[in-house]
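Q: Here's a structure for you.
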Amino acid sequence: MKQTLTVALFLFCITGLSAQSLMDKLAGKEEKSNLEFYSDPDGTSTIETIKPGEKTIYVKVPLRSKDFKVPFGKYYAYSEWDELEVTAEVRGLKDGYSVADVRIYYERIQLPANLTEMAKNGEAIAKVELSKDINFESNVADVLEYGNDTYDLSIIIGDDKEPLGYGVLKWDLTDGGQAYAAASLASRADYTFGASDDVTDPDFKASVKEDIERRLKVQIYQMAHGDRVPYNRGLNYYRRNQIGVTFKDLEDGKCYTGGISAFEDGSGPNGPYSYDMEGQLSYGDQIPCDRVDK
C-alpha cells in the first residue's frame, strides 16, 4: 500500500511538472533573452530603456554558422533568408480579468546578405524605427489605455514560433505619449490641404457643415466633396457622400484632418434625395492649427 502510494505521488509530481512546463511554454516563460540593444548603429552605446519620444533603436542579433547548416542546423530553414522579421509588442496588459497583447511595430528588414553569410560575422544589427509602423500612434494610444507607465517591450527577431532572437526593453510612457505626439505634430508642420471637389453641390456641403459643427462641437475649415455613390437596400434608396475636411475640435482645442460620411435618403432610384442630418465625422492626423486654412 505504501509503495503504491509512493508511485502515485511520483507520477503526480511528474505529471504536474510536465503540465507546468507546458503552461510555462505557452505563457512564453521559456523565451530566453539573447538580444542586445543600442542607441547607435555601431553597437557602442547600450540601452536598457526607450525614453519618452525615442523612436529608433538598434538590435544586435547573435548568429552562429552551425545553426544555419543544412539539414541539421537549428535554423537551417532561415539559411537563405536575406531579411529579418522584427516585431515589438507589449504583452500581458491587464484590465480586470482580461489580458491583452498590443503589437507596437512589425517590419521585414532587408539584410546585406543571407543569414548564412551574415552568421560568418557572428551577428547582425537591425535598425528598428518604431514610428515606421503605420499604426504606431494608435498602438501607443492602445497601451496608454492601461495607464501612463513604464512597460516591458518584447522584441522578437524572426518567426514567433521559432525566433532567432528575443529580448525585453523598458519603454517609458510615463509622459502619456506626449513626446511622441509632439514629434508627430511637428512632422506635419508643412501640411497643406490639397483635396478638391469631385462633386459640385455647394448647398449640400453647407448643410453638412452646419449639421456637423452644431452636433459635434467642431469648427470645419476646409471641405472637399470627393465621392457620391447611390445604392439601395431592398426598397430603400440612399446616396453616400464622402467629404474630406480639416477642422478644430472645440473641446480639446486641437486641429485635425478628417472625413465626413453623409447619407441622403431617396424616394426612388433617381431621387429626389434629402440629407438626414446624421453625418459622421472621423478623425485623421492632428495638424498644427495654423495649417487648417492654408
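Going by the C-alpha cells order, chains are called A, B, ..., each with residues numbered from 1, while ligands are numbered from 1 in the order shown.
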Can you tell me, as a list of chain:residue names, what residues are no more than 8 Å from Leu63 in chain A when counting only C-alpha atoms, ignoring any on the same chain fewer than 5 positions away?
A: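 Those residues are A:Met118, A:Ala119, A:Lys120, A:Asn121, A:Gly122, A:Glu123, A:Ala124.
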Q: How about saving the chosen residues, N, CA and C atoms kept, as a PDB file, in the first residue's frame?
A:
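The resulting file, selection-v3.pdb, is shown below:
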```pdb
ATOM      1  N   MET A 118      25.658  36.138 -43.167  1.00  0.00           N
ATOM      2  CA  MET A 118      25.717  37.025 -42.012  1.00  0.00           C
ATOM      3  C   MET A 118      26.260  36.308 -40.781  1.00  0.00           C
ATOM      4  N   ALA A 119      25.952  35.010 -40.671  1.00  0.00           N
ATOM      5  CA  ALA A 119      26.379  34.241 -39.498  1.00  0.00           C
ATOM      6  C   ALA A 119      27.898  34.123 -39.418  1.00  0.00           C
ATOM      7  N   LYS A 120      28.590  34.291 -40.558  1.00  0.00           N
ATOM      8  CA  LYS A 120      30.050  34.232 -40.533  1.00  0.00           C
ATOM      9  C   LYS A 120      30.640  35.375 -39.714  1.00  0.00           C
ATOM     10  N   ASN A 121      29.878  36.465 -39.597  1.00  0.00           N
ATOM     11  CA  ASN A 121      30.315  37.593 -38.766  1.00  0.00           C
ATOM     12  C   ASN A 121      29.905  37.429 -37.314  1.00  0.00           C
ATOM     13  N   GLY A 122      29.045  36.424 -37.058  1.00  0.00           N
ATOM     14  CA  GLY A 122      28.619  36.150 -35.691  1.00  0.00           C
ATOM     15  C   GLY A 122      27.484  37.013 -35.195  1.00  0.00           C
ATOM     16  N   GLU A 123      26.998  37.913 -36.051  1.00  0.00           N
ATOM     17  CA  GLU A 123      25.922  38.793 -35.589  1.00  0.00           C
ATOM     18  C   GLU A 123      25.305  39.545 -36.767  1.00  0.00           C
ATOM     19  N   ALA A 124      24.137  40.117 -36.519  1.00  0.00           N
ATOM     20  CA  ALA A 124      23.507  41.051 -37.436  1.00  0.00           C
ATOM     21  C   ALA A 124      22.909  42.157 -36.593  1.00  0.00           C
TER      22      ALA A 124
END
```
Q: I want to know what sits within 10 Å of Cys255 in chain A, based on only C-alpha atoms, with residues of the same chain fewer than 5 positions away left out; could you give that as an MDAnalysis selection string?
A: chainID A and resid 218:221 246:250 283:292
Q: Would you save the residues from that selection as a PDB file, in the first residue's frame, using N, CA and C atoms?
A:
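Just written: out15.pdb:
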```pdb
ATOM      1  N   VAL A 218     -17.344  71.090 -33.309  1.00  0.00           N
ATOM      2  CA  VAL A 218     -16.121  71.290 -34.076  1.00  0.00           C
ATOM      3  C   VAL A 218     -16.299  72.519 -34.969  1.00  0.00           C
ATOM      4  N   GLN A 219     -15.178  73.033 -35.449  1.00  0.00           N
ATOM      5  CA  GLN A 219     -15.213  74.098 -36.450  1.00  0.00           C
ATOM      6  C   GLN A 219     -14.525  73.582 -37.697  1.00  0.00           C
ATOM      7  N   ILE A 220     -15.262  73.481 -38.781  1.00  0.00           N
ATOM      8  CA  ILE A 220     -14.725  72.960 -40.036  1.00  0.00           C
ATOM      9  C   ILE A 220     -14.124  74.115 -40.843  1.00  0.00           C
ATOM     10  N   TYR A 221     -12.932  73.881 -41.389  1.00  0.00           N
ATOM     11  CA  TYR A 221     -12.257  74.909 -42.171  1.00  0.00           C
ATOM     12  C   TYR A 221     -12.320  74.614 -43.667  1.00  0.00           C
ATOM     13  N   THR A 246     -10.615  69.592 -42.939  1.00  0.00           N
ATOM     14  CA  THR A 246      -9.764  69.940 -41.797  1.00  0.00           C
ATOM     15  C   THR A 246     -10.665  70.667 -40.810  1.00  0.00           C
ATOM     16  N   PHE A 247     -10.389  70.479 -39.516  1.00  0.00           N
ATOM     17  CA  PHE A 247     -11.283  71.059 -38.514  1.00  0.00           C
ATOM     18  C   PHE A 247     -10.589  71.206 -37.167  1.00  0.00           C
ATOM     19  N   LYS A 248     -11.216  72.005 -36.309  1.00  0.00           N
ATOM     20  CA  LYS A 248     -10.754  72.144 -34.933  1.00  0.00           C
ATOM     21  C   LYS A 248     -11.783  71.511 -34.009  1.00  0.00           C
ATOM     22  N   ASP A 249     -11.298  70.688 -33.086  1.00  0.00           N
ATOM     23  CA  ASP A 249     -12.142  70.142 -32.031  1.00  0.00           C
ATOM     24  C   ASP A 249     -12.251  71.229 -30.959  1.00  0.00           C
ATOM     25  N   LEU A 250     -13.433  71.762 -30.769  1.00  0.00           N
ATOM     26  CA  LEU A 250     -13.607  72.888 -29.849  1.00  0.00           C
ATOM     27  C   LEU A 250     -13.505  72.481 -28.383  1.00  0.00           C
ATOM     28  N   TYR A 283     -11.797  61.131 -37.304  1.00  0.00           N
ATOM     29  CA  TYR A 283     -10.575  61.893 -37.059  1.00  0.00           C
ATOM     30  C   TYR A 283      -9.408  61.251 -37.798  1.00  0.00           C
ATOM     31  N   GLY A 284      -8.604  62.090 -38.438  1.00  0.00           N
ATOM     32  CA  GLY A 284      -7.371  61.625 -39.052  1.00  0.00           C
ATOM     33  C   GLY A 284      -6.181  62.021 -38.204  1.00  0.00           C
ATOM     34  N   ASP A 285      -5.191  62.694 -38.807  1.00  0.00           N
ATOM     35  CA  ASP A 285      -3.996  63.128 -38.090  1.00  0.00           C
ATOM     36  C   ASP A 285      -4.205  64.492 -37.447  1.00  0.00           C
ATOM     37  N   GLN A 286      -3.556  64.695 -36.306  1.00  0.00           N
ATOM     38  CA  GLN A 286      -3.517  66.041 -35.748  1.00  0.00           C
ATOM     39  C   GLN A 286      -2.556  66.881 -36.588  1.00  0.00           C
ATOM     40  N   ILE A 287      -2.926  68.120 -36.860  1.00  0.00           N
ATOM     41  CA  ILE A 287      -2.084  69.035 -37.619  1.00  0.00           C
ATOM     42  C   ILE A 287      -2.011  70.363 -36.871  1.00  0.00           C
ATOM     43  N   PRO A 288      -0.960  71.142 -37.112  1.00  0.00           N
ATOM     44  CA  PRO A 288      -0.904  72.468 -36.465  1.00  0.00           C
ATOM     45  C   PRO A 288      -2.090  73.313 -36.895  1.00  0.00           C
ATOM     46  N   CYS A 289      -2.643  74.057 -35.958  1.00  0.00           N
ATOM     47  CA  CYS A 289      -3.846  74.839 -36.269  1.00  0.00           C
ATOM     48  C   CYS A 289      -3.586  75.954 -37.271  1.00  0.00           C
ATOM     49  N   ASP A 290      -2.311  76.363 -37.428  1.00  0.00           N
ATOM     50  CA  ASP A 290      -2.051  77.390 -38.435  1.00  0.00           C
ATOM     51  C   ASP A 290      -2.023  76.825 -39.848  1.00  0.00           C
ATOM     52  N   ARG A 291      -2.257  75.500 -39.967  1.00  0.00           N
ATOM     53  CA  ARG A 291      -2.279  74.885 -41.302  1.00  0.00           C
ATOM     54  C   ARG A 291      -3.705  74.619 -41.794  1.00  0.00           C
ATOM     55  N   VAL A 292      -4.706  74.784 -40.955  1.00  0.00           N
ATOM     56  CA  VAL A 292      -6.056  74.366 -41.362  1.00  0.00           C
ATOM     57  C   VAL A 292      -6.680  75.299 -42.385  1.00  0.00           C
TER      58      VAL A 292
END
```
Q: Among range 118-240 of chain A, which residues does DSSP mark as strand (DSSP E or B) when it is run on the backbone? Keep the chain and numbering as in the structure and answer as a PyMOL selection string.
A: chain A and resi 123-129+150-157+165-172+218-233+236-240
Q: Give me, please, the distance in Å between CA of Asn135 in chain A and CA of Glu107 in chain A, quoted to one decimal.
A: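 Rounded to one decimal, the two atoms are 12.0 Å apart.
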